[in-house]
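Pasted below: start_20.txt, compact mmCIF, C-alpha atoms.
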# COMPACT_ATOMS: atom_id res chain seq x y z
CA MET A 1 114.97 114.17 116.64
CA THR A 2 116.05 111.82 113.83
CA ALA A 3 114.23 111.73 110.49
CA ARG A 4 112.86 108.29 111.37
CA HIS A 5 111.14 109.67 114.49
CA GLN A 6 109.89 112.92 113.01
CA PRO A 7 106.11 113.18 112.50
CA LEU A 8 105.03 112.16 109.01
CA PRO A 9 104.15 115.30 107.02
CA ASN A 10 100.79 115.67 105.35
CA LEU A 11 100.80 114.15 101.88
CA THR A 12 100.94 116.65 99.05
CA ASP A 13 100.53 116.32 95.30
CA VAL A 14 104.32 116.15 95.08
CA ASP A 15 104.39 113.22 97.53
CA LEU A 16 101.77 111.39 95.50
CA ARG A 17 103.80 111.87 92.33
CA LEU A 18 106.90 110.53 94.09
CA LEU A 19 104.92 107.55 95.37
CA ARG A 20 103.75 106.86 91.81
CA VAL A 21 107.39 106.78 90.71
CA PHE A 22 108.27 104.41 93.57
CA TYR A 23 105.28 102.21 92.71
CA ALA A 24 106.38 102.00 89.07
CA VAL A 25 109.96 101.14 90.08
CA VAL A 26 108.75 98.26 92.27
CA LEU A 27 106.50 96.95 89.50
CA SER A 28 109.38 97.16 87.03
CA ARG A 29 111.81 95.67 89.57
CA GLY A 30 114.44 98.32 89.08
CA PHE A 31 115.25 101.83 87.93
CA ALA A 32 116.41 100.92 84.44
CA ALA A 33 113.33 98.84 83.68
CA ALA A 34 111.06 101.62 84.98
CA GLN A 35 112.36 104.17 82.46
CA HIS A 36 109.98 103.06 79.71
CA ARG A 37 107.00 102.84 82.08
CA LEU A 38 107.61 106.36 83.45
CA GLY A 39 109.11 108.07 80.41
CA ILE A 40 112.02 109.54 82.40
CA SER A 41 115.69 108.62 82.75
CA ALA A 42 117.08 106.30 85.42
CA SER A 43 119.02 109.20 86.94
CA ASN A 44 115.82 111.23 87.33
CA ILE A 45 114.09 108.21 88.85
CA SER A 46 116.92 107.94 91.36
CA VAL A 47 116.48 111.60 92.29
CA HIS A 48 112.73 111.11 92.80
CA ILE A 49 113.26 108.05 95.03
CA SER A 50 115.87 109.91 97.09
CA GLN A 51 113.42 112.79 97.53
CA LEU A 52 110.71 110.38 98.68
CA GLU A 53 113.09 108.67 101.12
CA LYS A 54 114.03 112.06 102.58
CA ARG A 55 110.38 113.04 102.78
CA LEU A 56 109.35 109.83 104.57
CA GLY A 57 112.50 109.47 106.65
CA VAL A 58 113.21 105.85 105.65
CA ARG A 59 115.34 104.05 103.10
CA LEU A 60 113.02 102.38 100.63
CA CYS A 61 115.33 100.22 98.54
CA GLU A 62 118.86 99.06 97.93
CA ARG A 63 120.20 99.80 94.45
CA GLY A 64 123.56 99.25 92.89
CA ARG A 65 125.64 96.51 91.32
CA ARG A 66 123.75 93.83 93.22
CA GLY A 67 120.49 94.99 91.70
CA PHE A 68 117.28 96.39 93.07
CA ARG A 69 115.87 95.18 96.39
CA LEU A 70 113.18 96.59 98.65
CA THR A 71 114.05 97.20 102.29
CA GLU A 72 111.60 96.10 104.97
CA GLU A 73 110.45 99.70 105.25
CA GLY A 74 110.19 99.93 101.48
CA ARG A 75 107.88 96.92 101.40
CA LEU A 76 105.63 98.54 104.01
CA VAL A 77 105.55 101.81 102.08
CA TYR A 78 104.81 99.96 98.83
CA ASP A 79 101.90 98.07 100.42
CA ALA A 80 100.55 101.31 101.88
CA ALA A 81 100.91 103.10 98.53
CA LEU A 82 99.12 100.25 96.79
CA ASN A 83 96.21 100.53 99.24
CA LEU A 84 96.17 104.30 98.78
CA PHE A 85 96.09 104.14 94.99
CA ARG A 86 93.50 101.38 95.11
CA ALA A 87 91.24 103.43 97.39
CA THR A 88 91.70 106.53 95.25
CA ASP A 89 90.89 104.60 92.09
CA ASN A 90 87.79 103.07 93.68
CA PHE A 91 86.70 106.54 94.80
CA ARG A 92 87.10 107.92 91.30
CA SER A 93 85.25 104.95 89.89
CA SER A 94 82.35 105.31 92.33
CA VAL A 95 82.02 109.07 91.81
CA GLY A 96 82.27 108.63 88.07
CA SER A 97 79.55 105.99 88.19
CA ALA A 98 77.34 108.34 90.20
CA ARG A 99 77.78 110.84 87.41
CA GLY A 100 76.99 108.19 84.82
CA LYS A 101 80.61 107.71 83.67
CA LEU A 102 83.24 105.00 84.01
CA VAL A 103 86.62 106.49 84.94
CA GLY A 104 89.93 105.49 86.52
CA GLU A 105 92.24 102.63 85.59
CA VAL A 106 91.78 98.94 84.87
CA HIS A 107 94.78 96.61 85.00
CA PHE A 108 94.41 93.43 82.94
CA GLY A 109 97.05 90.69 83.00
CA PHE A 110 97.28 87.72 80.66
CA VAL A 111 99.71 85.13 79.32
CA ASP A 112 101.72 85.75 76.17
CA ALA A 113 101.06 84.35 72.67
CA ILE A 114 97.38 85.04 73.12
CA VAL A 115 96.70 87.31 70.15
CA THR A 116 96.48 84.31 67.79
CA HIS A 117 93.92 82.56 70.02
CA ARG A 118 90.98 83.77 67.95
CA ALA A 119 88.36 81.88 69.98
CA LEU A 120 88.92 84.28 72.88
CA ARG A 121 88.01 87.38 70.83
CA LEU A 122 90.00 89.65 73.12
CA ASP A 123 90.31 92.32 70.44
CA GLU A 124 86.52 92.54 70.27
CA ALA A 125 86.29 92.80 74.06
CA ILE A 126 88.83 95.62 74.17
CA ALA A 127 87.06 97.46 71.35
CA GLU A 128 83.68 97.18 73.07
CA PHE A 129 85.00 98.31 76.44
CA THR A 130 86.81 101.28 74.91
CA ASP A 131 83.56 102.33 73.26
CA ILE A 132 81.53 102.22 76.49
CA ALA A 133 84.31 103.54 78.76
CA PRO A 134 86.45 105.99 76.74
CA ASP A 135 87.64 107.76 79.90
CA VAL A 136 89.08 104.62 81.53
CA GLU A 137 92.80 103.97 81.17
CA LEU A 138 93.15 100.30 80.24
CA ASN A 139 96.55 98.85 81.17
CA LEU A 140 97.61 95.48 79.71
CA ASP A 141 100.44 93.34 81.01
CA VAL A 142 101.88 89.95 80.00
CA SER A 143 103.10 87.53 82.65
CA SER A 144 103.20 83.87 83.68
CA PRO A 145 100.14 82.14 85.22
CA GLN A 146 101.80 82.13 88.65
CA GLU A 147 102.67 85.82 88.48
CA LEU A 148 99.16 86.67 87.29
CA VAL A 149 97.58 85.14 90.39
CA GLN A 150 100.21 86.79 92.57
CA GLY A 151 99.34 90.07 90.89
CA LEU A 152 95.70 89.61 91.89
CA ILE A 153 96.75 88.89 95.47
CA GLU A 154 98.92 92.03 95.55
CA GLU A 155 96.14 94.00 93.78
CA ARG A 156 98.37 94.89 90.84
CA TYR A 157 95.74 93.44 88.51
CA HIS A 158 91.97 93.75 88.55
CA VAL A 159 91.44 90.74 86.29
CA VAL A 160 93.69 88.12 84.68
CA LEU A 161 93.35 85.54 81.92
CA GLY A 162 95.41 82.40 81.42
CA PRO A 163 95.66 78.62 81.74
CA GLN A 164 96.53 76.71 84.91
CA LEU A 165 95.66 79.53 87.29
CA GLU A 166 96.22 78.63 90.93
CA ARG A 167 93.02 78.25 92.95
CA ARG A 168 92.42 80.73 95.77
CA ASP A 169 89.26 80.91 97.89
CA PHE A 170 88.89 84.69 97.56
CA LEU A 171 89.06 84.65 93.75
CA THR A 172 86.25 84.01 91.28
CA TYR A 173 87.07 81.93 88.20
CA ARG A 174 85.30 81.50 84.88
CA ALA A 175 86.35 78.85 82.35
CA PHE A 176 86.41 79.98 78.73
CA THR A 177 87.91 77.75 76.09
CA GLU A 178 90.57 75.12 75.63
CA GLU A 179 94.04 75.72 74.25
CA ARG A 180 95.79 72.76 72.64
CA LYS A 181 99.58 72.57 72.81
CA SER A 182 101.79 70.21 70.81
CA LEU A 183 105.45 69.25 70.77
CA TYR A 184 107.23 71.01 67.87
CA CYS A 185 110.57 70.92 66.11
CA GLY A 186 111.97 73.45 63.64
CA ARG A 187 112.90 72.91 59.99
CA ALA A 188 116.61 72.95 60.87
CA HIS A 189 116.15 70.15 63.41
CA ARG A 190 117.32 66.65 62.45
CA MET A 191 113.87 65.21 63.21
CA PHE A 192 111.98 67.58 60.93
CA PRO A 193 112.17 65.53 57.69
CA ARG A 194 111.56 62.20 59.44
CA ARG A 195 108.25 60.50 60.10
CA ASP A 196 107.24 59.95 63.71
CA GLY A 197 107.33 56.21 63.11
CA ASP A 198 111.03 56.46 62.27
CA ILE A 199 111.85 58.22 65.56
CA THR A 200 112.22 56.07 68.65
CA LEU A 201 111.05 57.23 72.05
CA GLY A 202 114.58 56.63 73.33
CA GLU A 203 115.91 59.07 70.76
CA LEU A 204 113.22 61.56 71.71
CA ALA A 205 114.16 61.23 75.39
CA ARG A 206 117.74 62.24 74.54
CA THR A 207 116.70 65.25 72.46
CA PRO A 208 117.31 68.68 74.07
CA THR A 209 113.98 70.28 75.00
CA VAL A 210 113.17 73.87 75.88
CA ALA A 211 110.83 74.05 78.86
CA ARG A 212 108.89 76.95 80.32
CA SER A 213 110.49 78.24 83.49
CA TYR A 214 107.17 78.25 85.36
CA MET A 215 106.01 74.73 84.42
CA SER A 216 107.35 71.23 84.91
CA GLU A 217 107.71 69.16 81.74
CA ALA A 218 106.68 66.17 83.83
CA ALA A 219 103.19 67.64 83.96
CA ILE A 220 103.16 67.64 80.17
CA SER A 221 104.63 64.30 79.25
CA GLY A 222 103.47 62.17 82.16
CA GLU A 223 105.78 59.26 82.98
CA PHE A 224 107.88 59.87 79.87
CA LYS A 225 110.73 62.25 80.72
CA LEU A 226 111.79 64.81 78.15
CA LEU A 227 115.35 66.12 78.33
CA SER A 228 114.96 69.68 79.62
CA SER A 229 118.12 71.46 78.44
CA ALA A 230 116.94 75.08 78.39
CA THR A 231 114.21 77.23 79.89
CA ALA A 232 112.24 80.19 78.60
CA SER A 233 109.65 82.34 80.36
CA HIS A 234 107.60 83.34 77.31
CA MET A 235 106.19 81.52 74.29
CA GLU A 236 108.10 83.77 71.89
CA SER A 237 111.33 82.64 73.53
CA VAL A 238 110.25 79.00 73.23
CA ALA A 239 109.46 79.52 69.54
CA LEU A 240 112.86 81.11 68.94
CA MET A 241 114.62 78.14 70.54
CA ILE A 242 112.60 75.71 68.43
CA LEU A 243 113.29 77.63 65.23
CA SER A 244 117.03 77.45 65.99
CA GLY A 245 116.88 73.75 65.16
CA GLN A 246 118.64 72.81 68.40
CA PHE A 247 115.61 72.19 70.61
CA ILE A 248 112.12 70.76 70.58
CA GLY A 249 109.37 72.21 72.76
CA HIS A 250 105.66 72.73 73.35
CA LEU A 251 103.74 75.62 71.79
CA PRO A 252 100.02 76.42 71.48
CA ASP A 253 98.80 75.10 68.13
CA HIS A 254 97.19 78.44 67.22
CA TYR A 255 100.49 80.22 67.86
CA ALA A 256 102.67 77.67 66.04
CA SER A 257 100.38 77.57 63.01
CA GLN A 258 102.09 80.58 61.40
CA TRP A 259 105.40 78.68 61.20
CA VAL A 260 103.72 75.38 60.32
CA ALA A 261 102.03 77.07 57.34
CA ARG A 262 105.42 78.28 56.10
CA GLY A 263 107.01 74.85 56.55
CA GLU A 264 109.27 76.09 59.33
CA MET A 265 107.87 73.86 62.12
CA ARG A 266 106.05 70.59 62.50
CA ALA A 267 104.43 68.76 65.42
CA LEU A 268 105.93 65.55 66.79
CA PHE A 269 103.92 62.58 68.14
CA GLU A 270 100.71 64.58 68.37
CA ASP A 271 98.68 61.67 69.72
CA ARG A 272 101.02 61.20 72.67
CA PHE A 273 102.57 64.57 73.54
CA SER A 274 99.80 67.04 72.78
CA TYR A 275 97.61 68.25 75.66
CA SER A 276 94.98 70.90 76.38
CA ASP A 277 94.55 73.58 79.05
CA TRP A 278 91.43 75.51 79.97
CA PHE A 279 91.75 79.26 79.74
CA GLN A 280 90.27 80.92 82.80
CA LEU A 281 89.33 84.46 83.76
CA ALA A 282 89.99 85.29 87.42
CA HIS A 283 89.33 88.32 89.60
CA ARG A 284 88.82 89.11 93.27
CA THR A 285 85.34 88.04 94.38
CA ARG A 286 84.87 91.29 96.32
CA GLU A 287 86.12 93.54 93.54
CA ARG A 288 84.56 97.01 94.02
CA ASN A 289 86.08 98.99 91.15
CA ARG A 290 83.11 99.68 88.89
CA SER A 291 85.23 100.16 85.79
CA ALA A 292 86.98 96.84 86.43
CA LEU A 293 83.64 95.10 86.95
CA ALA A 294 82.39 96.54 83.66
CA PHE A 295 85.50 95.28 81.88
CA ILE A 296 85.10 91.83 83.43
CA GLU A 297 81.49 91.73 82.19
CA VAL A 298 82.61 92.61 78.66
CA LEU A 299 85.35 89.97 78.73
CA ALA A 300 82.89 87.34 79.90
CA ARG A 301 80.40 88.22 77.18
CA ARG A 302 82.90 88.39 74.33
CA CYS A 303 85.31 85.61 75.28
CA GLU A 304 83.11 82.92 76.77
CA PRO A 305 81.55 80.45 74.35
CA PRO A 306 78.10 79.00 75.22
CA ALA A 307 79.54 75.58 76.11
CA ALA A 308 81.89 77.15 78.67
CA ALA A 309 79.13 79.30 80.13
CA GLU A 310 77.18 76.17 81.06
CA ARG A 311 80.06 75.01 83.27
CA GLY A 312 79.41 77.93 85.60
CA ARG A 313 81.43 80.67 87.14
CA HIS A 314 83.52 78.46 89.40
CA SER A 315 84.33 75.58 87.03
CA GLY A 316 87.87 74.24 86.79
CA ARG A 317 89.98 73.02 83.91
Produce structure tokens that represent the structure in this file.
Amino acid sequence: MTARHQPLPNLTDVDLRLLRVFYAVVLSRGFAAAQHRLGISASNISVHISQLEKRLGVRLCERGRRGFRLTEEGRLVYDAALNLFRATDNFRSSVGSARGKLVGEVHFGFVDAIVTHRALRLDEAIAEFTDIAPDVELNLDVSSPQELVQGLIEERYHVVLGPQLERRDFLTYRAFTEERKSLYCGRAHRMFPRRDGDITLGELARTPTVARSYMSEAAISGEFKLLSSATASHMESVALMILSGQFIGHLPDHYASQWVARGEMRALFEDRFSYSDWFQLAHRTRERNRSALAFIEVLARRCEPPAAAERGRHSGR
């Protein structure tokens, strides 16, 4: 009888540890990237995955010069492991609640460059939750709005926060506050010392622009087309490109203010090319993890201003 057709052995603590390693590798999208998350070397990770494959009788992933890729069987095992960990975490949360304690893990995803958005008061929310739930492991992760929603669908996150979150029927949304973004250039850029009135729109249209990889510049500038010459997936990368003096690009005003105050950046054509997004909190409507629900309640109380609260739980941008 081949390994594939052998009966699946009962899961042991060792199997669960190996599944945790596999889960972390998939989240990190490779062995090398999972080293920091797991605190072990890539070679040890490889040994653990090989042990799990032998234990389950299937090949879970392809790894090598072409990079990391899940096999069809690996995807099925990952989905099953995710359901297993989710059920285990919900069990721990429910039992802990019965004993008057919040326990388990809460996974919170949000967009980058958010620490300077003081209106959200995320630091206060984290401090309050840590006080009321000291036994809960709070995991924070930065990603794009699209990946945040996908993370909710795949149950990698319990709750996410960001602008322009895709609408899904099984998710609950809560609008918080606006974030204004403007078009910036760096001090080394040729437009920096010039007044907006001395810059023609034709010249602006020919100026190399750094765009976010997950968002179309057309959505920002309307009918006017900016020259997208580079892409970046995070705001810090956008800021670096702008500071180089070779590109212009959009940044949140609260994030760019540190460079504006030092005379290292300035906004261009604010009346025409600035725009605002609504920050939204999203989570699964049928979320059952009690620790996650407690964290969501704290976020809503700390981050949501009174004006946003009046728009209701399901308001849009």
query = Which neighbours of Val142 (chain A) fall inside 9 Å, counting only C-alpha atoms, when residues of the same chain fewer than 2 positions from it are skipped, and could you give them as a ChimeraX atom specification?
reply = /A:108-112,140,144,148
inquiry  = Ranking A:Arg286, A:Arg168, A:Arg206, A:Arg55 by minimum distance to Leu227 (chain A) and counting only C-alpha atoms, which one comes first?
reply    = A:Arg206
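Closest approach to Ala87 (chain A) among A:Glu155, A:Asp271, A:Asp123, A:Asp141 is made by A:Glu155 (distances from only C-alpha atoms).
For the set A:Pro208, A:Gly202, A:Pro252, A:Gly104, the residue with the smallest atom-to-atom gap to Asn139 (chain A) is A:Gly104, counting only C-alpha atoms.
Using all atoms listed in the file, the shortest contact distance between Gly30 (chain A) and any of A:Arg66, A:His107, A:Arg195, A:Lys181 is found at A:Arg66.
Interatomic distance, CA of His36 (chain A) against CA of Val210 (chain A): 29.6 Å.
Of the residues listed (A:Leu122, A:Val115, A:Ile296, A:Ala34), A:Ile296 shows the shortest atom-to-atom separation from Arg284 (chain A); distances use only C-alpha atoms.
Between Thr71 (chain A) and the residues A:Arg290, A:Arg194, A:Arg59, A:His250, the shortest atom-to-atom distance, using only C-alpha atoms, involves A:Arg59.
Computed from the coordinates, the CA of Ala42 (chain A) to CA of Leu76 (chain A) distance equals 23.2 Å.
CA of Ser257 (chain A) is positioned 18.9 Å from CA of Phe279 (chain A).
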message = Just want the 12 Å neighbourhood of Gly263 (chain A), counted on all atoms listed in the file, with same-chain residues fewer than 3 positions away dropped. Output as a ChimeraX atom specification.
response = /A:184-188,192-193,243,256-260,266-267
key: Residue contacts of Val298 (chain A) (10 Å, only C-alpha atoms) excluding same-chain residues fewer than 5 positions away, as number ranges by chain   = A: 122, 124-129, 132, 292-293, 303-304
Where atoms are absent from region 240-255 of chain A, fill them in so it carries N, CA and C atoms, then output it as a PDB file, in the coordinates of the input.
ATOM      1  N   LEU A 240     111.531  80.773  69.457  1.00  0.00           N
ATOM      2  CA  LEU A 240     112.860  81.110  68.940  1.00  0.00           C
ATOM      3  C   LEU A 240     113.822  79.947  69.127  1.00  0.00           C
ATOM      4  N   MET A 241     113.759  79.298  70.282  1.00  0.00           N
ATOM      5  CA  MET A 241     114.620  78.140  70.540  1.00  0.00           C
ATOM      6  C   MET A 241     114.283  76.990  69.600  1.00  0.00           C
ATOM      7  N   ILE A 242     113.006  76.781  69.344  1.00  0.00           N
ATOM      8  CA  ILE A 242     112.600  75.710  68.430  1.00  0.00           C
ATOM      9  C   ILE A 242     113.062  76.006  67.015  1.00  0.00           C
ATOM     10  N   LEU A 243     112.901  77.246  66.582  1.00  0.00           N
ATOM     11  CA  LEU A 243     113.290  77.630  65.230  1.00  0.00           C
ATOM     12  C   LEU A 243     114.809  77.543  65.020  1.00  0.00           C
ATOM     13  N   SER A 244     115.573  77.576  66.113  1.00  0.00           N
ATOM     14  CA  SER A 244     117.030  77.450  65.990  1.00  0.00           C
ATOM     15  C   SER A 244     117.445  76.085  65.470  1.00  0.00           C
ATOM     16  N   GLY A 245     116.555  75.093  65.602  1.00  0.00           N
ATOM     17  CA  GLY A 245     116.880  73.750  65.160  1.00  0.00           C
ATOM     18  C   GLY A 245     117.639  72.932  66.193  1.00  0.00           C
ATOM     19  N   GLN A 246     117.875  73.502  67.368  1.00  0.00           N
ATOM     20  CA  GLN A 246     118.640  72.810  68.400  1.00  0.00           C
ATOM     21  C   GLN A 246     117.763  72.235  69.507  1.00  0.00           C
ATOM     22  N   PHE A 247     116.496  72.626  69.537  1.00  0.00           N
ATOM     23  CA  PHE A 247     115.610  72.190  70.610  1.00  0.00           C
ATOM     24  C   PHE A 247     114.229  71.840  70.053  1.00  0.00           C
ATOM     25  N   ILE A 248     113.533  70.975  70.802  1.00  0.00           N
ATOM     26  CA  ILE A 248     112.120  70.760  70.580  1.00  0.00           C
ATOM     27  C   ILE A 248     111.390  71.374  71.773  1.00  0.00           C
ATOM     28  N   GLY A 249     110.087  71.620  71.645  1.00  0.00           N
ATOM     29  CA  GLY A 249     109.370  72.210  72.760  1.00  0.00           C
ATOM     30  C   GLY A 249     107.891  72.343  72.462  1.00  0.00           C
ATOM     31  N   HIS A 250     107.100  72.602  73.489  1.00  0.00           N
ATOM     32  CA  HIS A 250     105.660  72.730  73.350  1.00  0.00           C
ATOM     33  C   HIS A 250     105.264  74.178  73.062  1.00  0.00           C
ATOM     34  N   LEU A 251     104.324  74.330  72.123  1.00  0.00           N
ATOM     35  CA  LEU A 251     103.740  75.620  71.790  1.00  0.00           C
ATOM     36  C   LEU A 251     102.237  75.442  71.585  1.00  0.00           C
ATOM     37  N   PRO A 252     101.444  76.494  71.843  1.00  0.00           N
ATOM     38  CA  PRO A 252     100.020  76.420  71.480  1.00  0.00           C
ATOM     39  C   PRO A 252      99.883  76.236  69.972  1.00  0.00           C
ATOM     40  N   ASP A 253      98.965  75.371  69.562  1.00  0.00           N
ATOM     41  CA  ASP A 253      98.800  75.100  68.130  1.00  0.00           C
ATOM     42  C   ASP A 253      98.434  76.363  67.351  1.00  0.00           C
ATOM     43  N   HIS A 254      97.590  77.223  67.942  1.00  0.00           N
ATOM     44  CA  HIS A 254      97.190  78.440  67.220  1.00  0.00           C
ATOM     45  C   HIS A 254      98.373  79.372  67.022  1.00  0.00           C
ATOM     46  N   TYR A 255      99.315  79.353  67.953  1.00  0.00           N
ATOM     47  CA  TYR A 255     100.490  80.220  67.860  1.00  0.00           C
ATOM     48  C   TYR A 255     101.514  79.639  66.873  1.00  0.00           C
TER      49      TYR A 255
END
